[in-house]
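Structure data follow from query01.cif (mmCIF, C-alpha atoms and all ligand atoms):
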```cif
data_target
#
loop_
_atom_site.label_atom_id
_atom_site.label_comp_id
_atom_site.auth_asym_id
_atom_site.auth_seq_id
_atom_site.Cartn_x
_atom_site.Cartn_y
_atom_site.Cartn_z
CA MET A 266 -7.44 155.53 36.39
CA ALA A 267 -10.48 154.48 34.40
CA ASP A 268 -13.77 154.14 36.23
CA PRO A 269 -14.34 150.64 37.48
CA ARG A 270 -16.94 148.80 35.48
CA PRO A 271 -20.44 149.07 36.92
CA ILE A 272 -22.39 146.26 38.48
CA ILE A 273 -25.71 146.55 36.68
CA PHE A 274 -28.94 145.09 37.99
CA SER A 275 -32.42 145.30 36.59
CA GLY A 276 -35.65 143.38 37.01
CA ILE A 277 -38.36 142.81 34.45
CA GLN A 278 -41.95 141.73 35.05
CA PRO A 279 -42.93 138.35 33.63
CA THR A 280 -45.31 138.93 30.76
CA GLY A 281 -45.31 137.91 27.12
CA ARG A 282 -46.96 141.20 26.29
CA LYS A 283 -43.81 143.27 26.11
CA HIS A 284 -44.34 146.29 23.90
CA LEU A 285 -42.26 148.61 21.76
CA GLY A 286 -41.83 151.02 24.70
CA ASN A 287 -40.38 148.21 26.85
CA PHE A 288 -38.19 147.11 23.97
CA ILE A 289 -36.73 150.54 23.30
CA GLY A 290 -36.68 151.83 26.89
CA ALA A 291 -35.57 148.70 28.75
CA ILE A 292 -34.70 145.61 26.75
CA ARG A 293 -32.26 147.32 24.39
CA GLN A 294 -30.53 148.90 27.41
CA TYR A 295 -30.14 145.46 28.93
CA VAL A 296 -28.48 144.17 25.81
CA GLU A 297 -26.16 147.16 25.68
CA GLY A 298 -25.38 146.85 29.40
CA GLN A 299 -24.19 143.28 29.26
CA ASP A 300 -20.78 144.23 27.89
CA ARG A 301 -20.41 147.26 30.13
CA GLY A 302 -21.49 145.60 33.35
CA ASP A 303 -19.14 143.48 35.43
CA PRO A 304 -21.39 141.73 35.82
CA ALA A 305 -24.76 142.78 34.43
CA LEU A 306 -27.57 140.92 36.17
CA TYR A 307 -31.08 140.68 34.75
CA CYS A 308 -33.86 139.06 36.64
CA VAL A 309 -37.40 138.04 35.77
CA VAL A 310 -39.23 139.20 38.87
CA ASP A 311 -41.81 136.50 39.43
CA LEU A 312 -41.90 137.07 43.19
CA HIS A 313 -43.19 140.56 42.55
CA SER A 314 -46.03 139.13 40.46
CA ILE A 315 -47.77 137.55 43.41
CA SER A 316 -48.52 140.97 44.87
CA VAL A 317 -51.63 141.05 42.67
CA PRO A 318 -54.08 138.22 41.92
CA TYR A 319 -52.50 135.69 39.55
CA ASP A 320 -52.71 132.13 38.28
CA PRO A 321 -49.74 129.87 39.23
CA ALA A 322 -49.68 127.87 35.97
CA ASP A 323 -49.89 131.07 34.00
CA LEU A 324 -47.04 132.64 35.96
CA ARG A 325 -44.64 129.90 34.93
CA GLU A 326 -45.60 130.34 31.26
CA ARG A 327 -45.16 134.11 31.43
CA VAL A 328 -41.69 133.73 32.95
CA LEU A 329 -40.70 131.53 30.03
CA ASP A 330 -42.25 133.98 27.53
CA THR A 331 -40.23 136.80 29.06
CA ALA A 332 -37.05 134.76 29.15
CA ALA A 333 -37.47 133.85 25.48
CA ILE A 334 -38.17 137.48 24.50
CA LEU A 335 -35.06 138.72 26.29
CA LEU A 336 -32.85 136.02 24.83
CA ALA A 337 -34.34 136.66 21.39
CA ALA A 338 -33.57 140.35 21.79
CA GLY A 339 -29.91 139.58 22.35
CA LEU A 340 -29.30 138.81 26.00
CA ASP A 341 -26.48 136.33 26.04
CA PRO A 342 -26.19 134.15 29.17
CA GLU A 343 -22.45 134.01 28.55
CA ARG A 344 -22.15 137.78 28.84
CA CYS A 345 -24.64 138.48 31.62
CA ILE A 346 -26.31 136.77 34.56
CA PHE A 347 -29.87 136.10 33.56
CA PHE A 348 -32.16 134.41 36.06
CA ARG A 349 -35.55 133.99 37.68
CA GLN A 350 -35.96 135.85 40.94
CA SER A 351 -37.69 133.04 42.83
CA ASP A 352 -34.81 130.66 42.05
CA VAL A 353 -32.53 132.69 44.29
CA ARG A 354 -33.99 132.49 47.77
CA GLU A 355 -31.52 135.02 49.10
CA HIS A 356 -33.83 137.71 47.71
CA THR A 357 -36.63 136.81 50.10
CA GLU A 358 -34.35 136.47 53.07
CA LEU A 359 -32.76 139.84 52.44
CA THR A 360 -36.21 141.40 52.08
CA TRP A 361 -37.00 140.50 55.65
CA LEU A 362 -33.62 141.64 56.94
CA LEU A 363 -33.93 144.99 55.19
CA SER A 364 -37.36 145.54 56.63
CA ALA A 365 -35.59 146.38 59.90
CA VAL A 366 -34.34 149.62 58.32
CA THR A 367 -37.46 150.39 56.29
CA SER A 368 -40.21 152.35 57.94
CA HIS A 369 -43.90 151.90 57.46
CA GLY A 370 -44.03 155.58 56.57
CA ASP A 371 -41.54 155.07 53.71
CA LEU A 372 -43.75 152.45 52.14
CA ASP A 373 -46.85 154.51 52.77
CA ARG A 374 -45.42 157.29 50.61
CA MET A 375 -44.92 155.13 47.53
CA THR A 376 -47.07 156.64 44.82
CA GLN A 377 -47.13 153.46 42.74
CA PHE A 378 -48.76 151.61 45.63
CA LYS A 379 -51.28 154.39 46.14
CA GLU A 380 -52.10 154.47 42.44
CA LYS A 381 -52.41 150.71 42.21
CA VAL A 382 -54.69 150.25 45.20
CA GLY A 383 -56.76 153.38 44.81
CA LYS A 384 -59.61 153.22 47.29
CA ALA A 385 -59.35 149.45 47.79
CA ARG A 386 -56.51 149.79 50.28
CA GLU A 387 -57.91 147.31 52.77
CA LEU A 388 -58.01 144.61 50.11
CA ALA A 389 -54.51 145.15 48.73
CA SER A 390 -52.08 142.37 49.62
CA ALA A 391 -49.33 143.00 52.14
CA ALA A 392 -47.03 141.89 49.30
CA LEU A 393 -48.06 144.88 47.23
CA PHE A 394 -47.23 147.19 50.12
CA TYR A 395 -43.92 145.38 50.59
CA TYR A 396 -43.02 145.37 46.91
CA PRO A 397 -40.36 148.11 47.23
CA VAL A 398 -38.49 146.22 49.96
CA LEU A 399 -38.20 143.14 47.76
CA MET A 400 -37.04 145.39 44.95
CA ALA A 401 -34.40 146.88 47.25
CA ALA A 402 -33.24 143.37 48.19
CA ASP A 403 -32.99 142.44 44.49
CA VAL A 404 -30.47 145.18 43.87
CA LEU A 405 -28.64 145.40 47.19
CA ALA A 406 -27.96 141.64 47.26
CA TYR A 407 -25.51 142.16 44.37
CA ARG A 408 -24.06 145.47 45.57
CA ALA A 409 -25.15 146.80 42.20
CA THR A 410 -23.97 150.28 41.28
CA GLU A 411 -26.40 150.95 38.40
CA VAL A 412 -30.10 150.29 38.11
CA PRO A 413 -31.49 150.92 34.63
CA VAL A 414 -35.25 151.36 34.96
CA GLY A 415 -38.10 153.45 33.65
CA ASP A 416 -38.90 156.80 35.16
CA ASP A 417 -41.91 155.29 36.97
CA GLN A 418 -39.46 153.36 39.19
CA ARG A 419 -37.58 156.47 40.36
CA GLN A 420 -39.21 156.55 43.78
CA HIS A 421 -38.52 152.86 44.38
CA VAL A 422 -34.85 153.37 43.55
CA GLU A 423 -34.70 156.40 45.86
CA LEU A 424 -36.08 154.21 48.62
CA MET A 425 -33.54 151.42 48.06
CA ARG A 426 -30.77 154.01 48.22
CA GLU A 427 -32.15 155.21 51.54
CA ILE A 428 -32.45 151.64 52.82
CA ALA A 429 -28.79 150.97 51.93
CA ARG A 430 -27.65 154.18 53.64
CA ARG A 431 -29.66 153.42 56.75
CA PHE A 432 -28.37 149.87 56.91
CA ASN A 433 -24.79 151.10 56.67
CA ALA A 434 -25.37 153.77 59.30
CA ARG A 435 -27.01 151.33 61.68
CA PHE A 436 -24.89 148.19 61.18
CA GLY A 437 -21.67 149.38 59.53
CA GLU A 438 -20.56 149.85 55.93
CA THR A 439 -21.92 146.80 54.07
CA LEU A 440 -24.25 147.72 51.23
CA VAL A 441 -23.67 149.79 48.11
CA VAL A 442 -25.91 152.76 47.36
CA PRO A 443 -26.94 152.23 43.71
CA GLU A 444 -27.46 154.89 41.06
CA LEU A 445 -30.64 155.17 39.04
CA VAL A 446 -30.10 155.17 35.28
CA VAL A 447 -33.05 156.24 33.18
CA PRO A 448 -32.44 155.69 29.46
CA GLU A 449 -32.59 159.01 27.57
CA VAL A 450 -33.48 157.57 24.21
CA GLY A 451 -36.94 156.25 23.86
CA ALA A 452 -37.69 156.38 27.57
CA ARG A 453 -41.07 157.76 26.62
CA ILE A 454 -42.55 155.91 23.72
CA MET A 455 -46.18 156.97 23.63
CA ASP A 456 -49.38 155.15 22.75
CA LEU A 457 -49.99 155.46 19.00
CA GLN A 458 -53.66 156.24 19.53
CA GLU A 459 -53.28 158.45 22.60
CA PRO A 460 -49.86 160.07 22.21
CA GLU A 461 -50.28 161.97 25.48
CA THR A 462 -50.01 158.72 27.46
CA LYS A 463 -47.12 156.29 27.66
CA MET A 464 -47.36 153.08 25.68
CA SER A 465 -48.52 150.44 28.14
CA THR A 466 -50.25 147.08 28.09
CA THR A 467 -52.25 147.97 31.18
CA GLY A 468 -53.20 151.61 30.68
CA GLY A 469 -53.00 152.25 26.94
CA THR A 470 -55.10 151.31 23.92
CA GLU A 471 -54.81 147.93 22.22
CA GLN A 472 -54.50 149.50 18.77
CA GLY A 473 -51.93 152.02 19.98
CA THR A 474 -49.63 149.44 21.57
CA VAL A 475 -47.16 147.61 19.34
CA LEU A 476 -46.16 144.32 20.95
CA VAL A 477 -42.68 142.90 20.48
CA LEU A 478 -44.34 139.69 19.30
CA ASP A 479 -46.79 141.36 16.87
CA ASP A 480 -46.47 140.05 13.33
CA GLU A 481 -45.70 142.32 10.40
CA LYS A 482 -49.35 142.73 9.49
CA ALA A 483 -50.32 143.82 12.99
CA ILE A 484 -47.40 146.26 13.15
CA ARG A 485 -48.32 147.83 9.81
CA LYS A 486 -51.94 148.16 10.86
CA LYS A 487 -51.14 149.78 14.20
CA VAL A 488 -48.53 152.18 12.84
CA GLY A 489 -50.69 152.95 9.81
CA SER A 490 -53.58 154.02 12.02
CA ALA A 491 -51.44 156.04 14.43
CA VAL A 492 -52.92 159.41 15.38
CA THR A 493 -51.09 162.37 13.82
CA ASP A 494 -52.56 165.88 13.51
CA SER A 495 -54.25 168.16 11.01
CA GLY A 496 -50.91 169.55 9.80
CA HIS A 497 -48.62 168.02 7.22
CA GLU A 498 -45.13 168.60 8.52
CA VAL A 499 -42.93 165.79 9.86
CA ARG A 500 -41.54 167.87 12.71
CA ALA A 501 -41.16 167.19 16.45
CA ALA A 502 -43.04 169.73 18.55
CA ALA A 503 -44.97 169.86 21.80
CA ASP A 504 -48.24 170.44 19.99
CA LYS A 505 -47.57 167.50 17.65
CA PRO A 506 -47.33 164.58 20.11
CA GLY A 507 -48.38 161.90 17.63
CA VAL A 508 -45.90 162.90 14.93
CA THR A 509 -43.16 163.48 17.51
CA ASN A 510 -43.65 159.97 18.85
CA LEU A 511 -43.41 158.47 15.36
CA ILE A 512 -40.25 160.49 14.71
CA ASP A 513 -38.73 159.16 17.93
CA ILE A 514 -39.64 155.61 17.04
CA LEU A 515 -38.12 155.88 13.59
CA ALA A 516 -35.02 157.59 14.98
CA VAL A 517 -34.48 154.65 17.33
CA ALA A 518 -35.16 152.08 14.61
CA ARG A 519 -32.64 153.77 12.32
CA GLY A 520 -30.14 154.57 15.04
CA THR A 521 -30.25 158.29 14.27
CA GLY A 522 -31.70 161.40 15.89
CA ARG A 523 -34.84 163.48 15.49
CA ALA A 524 -33.12 166.05 13.27
CA GLU A 525 -32.04 163.41 10.74
CA VAL A 526 -35.55 161.99 10.54
CA GLU A 527 -37.05 165.47 10.13
CA ALA A 528 -34.57 166.27 7.38
CA ASP A 529 -35.22 162.98 5.57
CA PHE A 530 -38.97 163.53 5.58
CA ASP A 531 -39.00 167.20 4.75
CA GLY A 532 -41.95 167.72 2.43
CA VAL A 533 -43.10 164.09 2.68
CA GLY A 534 -46.74 163.42 3.58
CA TYR A 535 -47.86 161.63 6.73
CA GLY A 536 -48.96 158.53 4.79
CA ASP A 537 -45.48 157.89 3.37
CA PHE A 538 -43.86 158.83 6.64
CA LYS A 539 -45.97 156.27 8.52
CA ARG A 540 -45.06 153.59 5.99
CA ALA A 541 -41.40 154.31 6.66
CA VAL A 542 -41.99 154.11 10.41
CA ALA A 543 -43.78 150.78 9.96
CA ASP A 544 -40.81 149.50 7.87
CA GLY A 545 -38.45 150.58 10.63
CA VAL A 546 -40.46 148.86 13.36
CA VAL A 547 -40.81 145.67 11.30
CA GLU A 548 -37.05 145.63 10.81
CA LEU A 549 -36.45 146.25 14.49
CA LEU A 550 -38.86 143.66 15.89
CA GLY A 551 -39.13 141.09 13.09
CA PRO A 552 -35.87 139.30 13.89
CA VAL A 553 -36.75 139.25 17.59
CA ARG A 554 -40.08 137.58 16.91
CA GLU A 555 -38.48 135.01 14.61
CA ARG A 556 -35.85 134.15 17.15
CA TYR A 557 -38.51 133.99 19.88
CA GLU A 558 -40.42 131.44 17.87
CA GLU A 559 -37.33 129.27 17.72
CA LEU A 560 -36.53 129.58 21.42
CA ARG A 561 -39.91 129.52 23.13
CA PRO A 562 -40.92 125.90 22.38
CA ASP A 563 -37.81 124.47 24.03
CA GLU A 564 -38.86 124.94 27.63
CA ALA A 565 -36.21 122.59 28.95
CA ALA A 566 -33.51 124.73 27.38
CA LEU A 567 -35.05 127.91 28.79
CA GLU A 568 -35.26 126.36 32.24
CA ALA A 569 -31.65 125.22 31.99
CA THR A 570 -30.55 128.74 31.03
CA LEU A 571 -32.42 130.24 33.97
CA ALA A 572 -31.05 127.62 36.35
CA ALA A 573 -27.47 128.30 35.26
CA GLY A 574 -28.06 132.02 35.75
CA ALA A 575 -29.54 131.45 39.20
CA GLU A 576 -26.49 129.53 40.25
CA LYS A 577 -24.19 132.40 39.32
CA ALA A 578 -26.50 134.93 40.96
CA ARG A 579 -26.74 132.90 44.15
CA ALA A 580 -22.96 132.75 44.47
CA ILE A 581 -22.83 136.55 44.63
CA ALA A 582 -25.97 137.13 46.72
CA ALA A 583 -24.94 134.55 49.29
CA LEU A 584 -21.77 136.51 50.09
CA THR A 585 -23.72 139.70 50.71
CA ILE A 586 -26.33 137.94 52.82
CA ALA A 587 -23.63 136.29 54.92
CA GLU A 588 -22.15 139.68 55.66
CA VAL A 589 -25.55 141.24 56.35
CA ARG A 590 -26.44 138.39 58.71
CA ALA A 591 -23.17 138.72 60.58
CA ARG A 592 -23.60 142.49 60.92
CA MET A 593 -27.10 142.06 62.23
CA GLY A 594 -26.13 139.58 64.91
CA PHE A 595 -27.34 136.32 63.42
CA GLY A 596 -25.40 133.10 63.46
CA CYS A 597 -23.54 132.03 60.36
N1 LIG A 601 -40.50 147.17 39.81
C1 LIG A 601 -39.83 147.05 38.55
C2 LIG A 601 -40.82 147.38 37.42
O1 LIG A 601 -42.00 147.27 37.60
C3 LIG A 601 -39.29 145.67 38.34
C4 LIG A 601 -38.19 145.35 39.30
C5 LIG A 601 -38.24 144.47 40.34
C6 LIG A 601 -36.89 145.92 39.30
N2 LIG A 601 -37.06 144.45 40.99
C7 LIG A 601 -36.21 145.31 40.39
C8 LIG A 601 -36.26 146.87 38.50
C9 LIG A 601 -34.91 145.68 40.69
C10 LIG A 601 -34.94 147.23 38.82
C11 LIG A 601 -34.29 146.62 39.89
O2 LIG A 601 -40.39 147.71 36.35
#
```
Rewrite the coordinates I just gave you, this time as structure tokens.
Amino acid sequence: MADPRPIIFSGIQPTGRKHLGNFIGAIRQYVEGQDRGDPALYCVVDLHSISVPYDPADLRERVLDTAAILLAAGLDPERCIFFRQSDVREHTELTWLLSAVTSHGDLDRMTQFKEKVGKARELASAALFYYPVLMAADVLAYRATEVPVGDDQRQHVELMREIARRFNARFGETLVVPELVVPEVGARIMDLQEPETKMSTTGGTEQGTVLVLDDEKAIRKKVGSAVTDSGHEVRAAADKPGVTNLIDILAVARGTGRAEVEADFDGVGYGDFKRAVADGVVELLGPVRERYEELRPDEAALEATLAAGAEKARAIAALTIAEVRARMGFGC
């Protein structure tokens, strides 16, 4: 018998500053997952955003930016369940219920929390500490089997697996233990200026970060000034991080592999190679930006899309929560 189709769940932070690394590592996987998942659920995680200082009016705008980027990239609300986290209140309720099987020590071991707060631990919000429990609720509410996320989320997914197992052991078989899926291709798109660090809008360089919404000129400028090395060979190697990164980017843009790119650019100088990479990125992101510009102004339509998604999501989450509540001894 064929494997049953997976239930896919992933969450994405609300920001309009999505970059090429997010696009290749996450957004494209979402688009691919929507025909494999039954269903595939994608959620803009605005509740997670309040764990750090933020502006309420700005949050709403960033949710709409993110929604428009994802729709522009090819998410189709007919083929997936696309929604805003805060619209489905079951997430917050389940967070509290799951906290019964989450220990303080578990949360204390989360490296992302430690890295984010640094020495200012006393000032960090309780929400930041609790972040992984909300993330567990996001996924477990849908009994998702697959969670496509970046490698930096590995520990959080491990924890949600543990929470599901503990819940089942304590209250009876109810929740599904999800599998982490880290995309192999393009999971590590590096900063163009500092190719030893991952492309990021928080940690990386401005010039080395290609945004999904960058125009052609900005893309050409950033790719054109990418750091390479003193050699002249278009070849992927550990001591050639800049060139390797550009090869990976072009391979993704062309839908081929490293070897094909290396073969195509055998004997070609870095200048011409970079122009080809810029062409590839412009072709990859250009249509997304154009579509975004059509979609983003119609906020009512975006809100309607999110509301319709929330309704479908709620119908599934409510069933899980009802069972969880019953198992835990609450009234129905
Ligand atoms: N924490 C994830 C990130 O920063 C976002 C997220 C929230 C998420 N809830 C999720 C990812 C549930 C996967 C599943 O990328």
### Task
Determine, counting only C-alpha atoms, every residue of protein, DNA or RNA that lies within 12 Å of (-45.9, 151.5, 46.0) in the file coordinates, then give the result as a PyMOL selection string.
chain A and resi 313+316+369-383+386+389-400+417-422+424
Residue subset to file, keeping C-alpha atoms, as a CSV table (one decimal), in the coordinates of the input:
```csv
chain,number,residue,atom,x,y,z
A,313,HIS,CA,-43.2,140.6,42.6
A,316,SER,CA,-48.5,141.0,44.9
A,369,HIS,CA,-43.9,151.9,57.5
A,370,GLY,CA,-44.0,155.6,56.6
A,371,ASP,CA,-41.5,155.1,53.7
A,372,LEU,CA,-43.8,152.4,52.1
A,373,ASP,CA,-46.8,154.5,52.8
A,374,ARG,CA,-45.4,157.3,50.6
A,375,MET,CA,-44.9,155.1,47.5
A,376,THR,CA,-47.1,156.6,44.8
A,377,GLN,CA,-47.1,153.5,42.7
A,378,PHE,CA,-48.8,151.6,45.6
A,379,LYS,CA,-51.3,154.4,46.1
A,380,GLU,CA,-52.1,154.5,42.4
A,381,LYS,CA,-52.4,150.7,42.2
A,382,VAL,CA,-54.7,150.2,45.2
A,383,GLY,CA,-56.8,153.4,44.8
A,386,ARG,CA,-56.5,149.8,50.3
A,389,ALA,CA,-54.5,145.2,48.7
A,390,SER,CA,-52.1,142.4,49.6
A,391,ALA,CA,-49.3,143.0,52.1
A,392,ALA,CA,-47.0,141.9,49.3
A,393,LEU,CA,-48.1,144.9,47.2
A,394,PHE,CA,-47.2,147.2,50.1
A,395,TYR,CA,-43.9,145.4,50.6
A,396,TYR,CA,-43.0,145.4,46.9
A,397,PRO,CA,-40.4,148.1,47.2
A,398,VAL,CA,-38.5,146.2,50.0
A,399,LEU,CA,-38.2,143.1,47.8
A,400,MET,CA,-37.0,145.4,45.0
A,417,ASP,CA,-41.9,155.3,37.0
A,418,GLN,CA,-39.5,153.4,39.2
A,419,ARG,CA,-37.6,156.5,40.4
A,420,GLN,CA,-39.2,156.6,43.8
A,421,HIS,CA,-38.5,152.9,44.4
A,422,VAL,CA,-34.8,153.4,43.6
A,424,LEU,CA,-36.1,154.2,48.6
```
#### Entry: Selection as a VMD selection string: residues within 10 Å of (-35.2, 133.6, 29.6), counting all atoms listed in the file
chain A and resid 279 307 to 309 328 to 337 340 to 342 347 to 349 560 to 561 564 566 to 572 574
### Query
Taking all atoms listed in the file into account, which residues are within 6 Å of ligand LIG 601 (chain A), as a ChimeraX atom specification?
/A:274-278,310,400,403-404,412,414
Prev. selection, C-alpha atoms, output as a PDB file, keeping the file's coordinate frame:
```
ATOM      1  CA  PHE A 274     -28.940 145.090  37.990  1.00  0.00           C
ATOM      2  CA  SER A 275     -32.420 145.300  36.590  1.00  0.00           C
ATOM      3  CA  GLY A 276     -35.650 143.380  37.010  1.00  0.00           C
ATOM      4  CA  ILE A 277     -38.360 142.810  34.450  1.00  0.00           C
ATOM      5  CA  GLN A 278     -41.950 141.730  35.050  1.00  0.00           C
ATOM      6  CA  VAL A 310     -39.230 139.200  38.870  1.00  0.00           C
ATOM      7  CA  MET A 400     -37.040 145.390  44.950  1.00  0.00           C
ATOM      8  CA  ASP A 403     -32.990 142.440  44.490  1.00  0.00           C
ATOM      9  CA  VAL A 404     -30.470 145.180  43.870  1.00  0.00           C
ATOM     10  CA  VAL A 412     -30.100 150.290  38.110  1.00  0.00           C
ATOM     11  CA  VAL A 414     -35.250 151.360  34.960  1.00  0.00           C
TER      12      VAL A 414
END
```
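When CA of Asp352 in chain A is paired with CA of Ala575 in chain A, their separation reads 6.0 Å.
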With 10 Å as the cut-off and only C-alpha atoms counted, what is the closest atom pair between each nearby residue of range 512-545 of chain A and range 282-298 of chain A? Distances in Å to one decimal, ordered by chain and number, as a Markdown table.
```
| residue | atom | partner | partner_atom | distance |
| --- | --- | --- | --- | --- |
| A:Ile514 | CA | A:Ile289 | CA | 8.6 |
| A:Val517 | CA | A:Ile289 | CA | 7.6 |
| A:Ala518 | CA | A:Ile289 | CA | 9.0 |
```
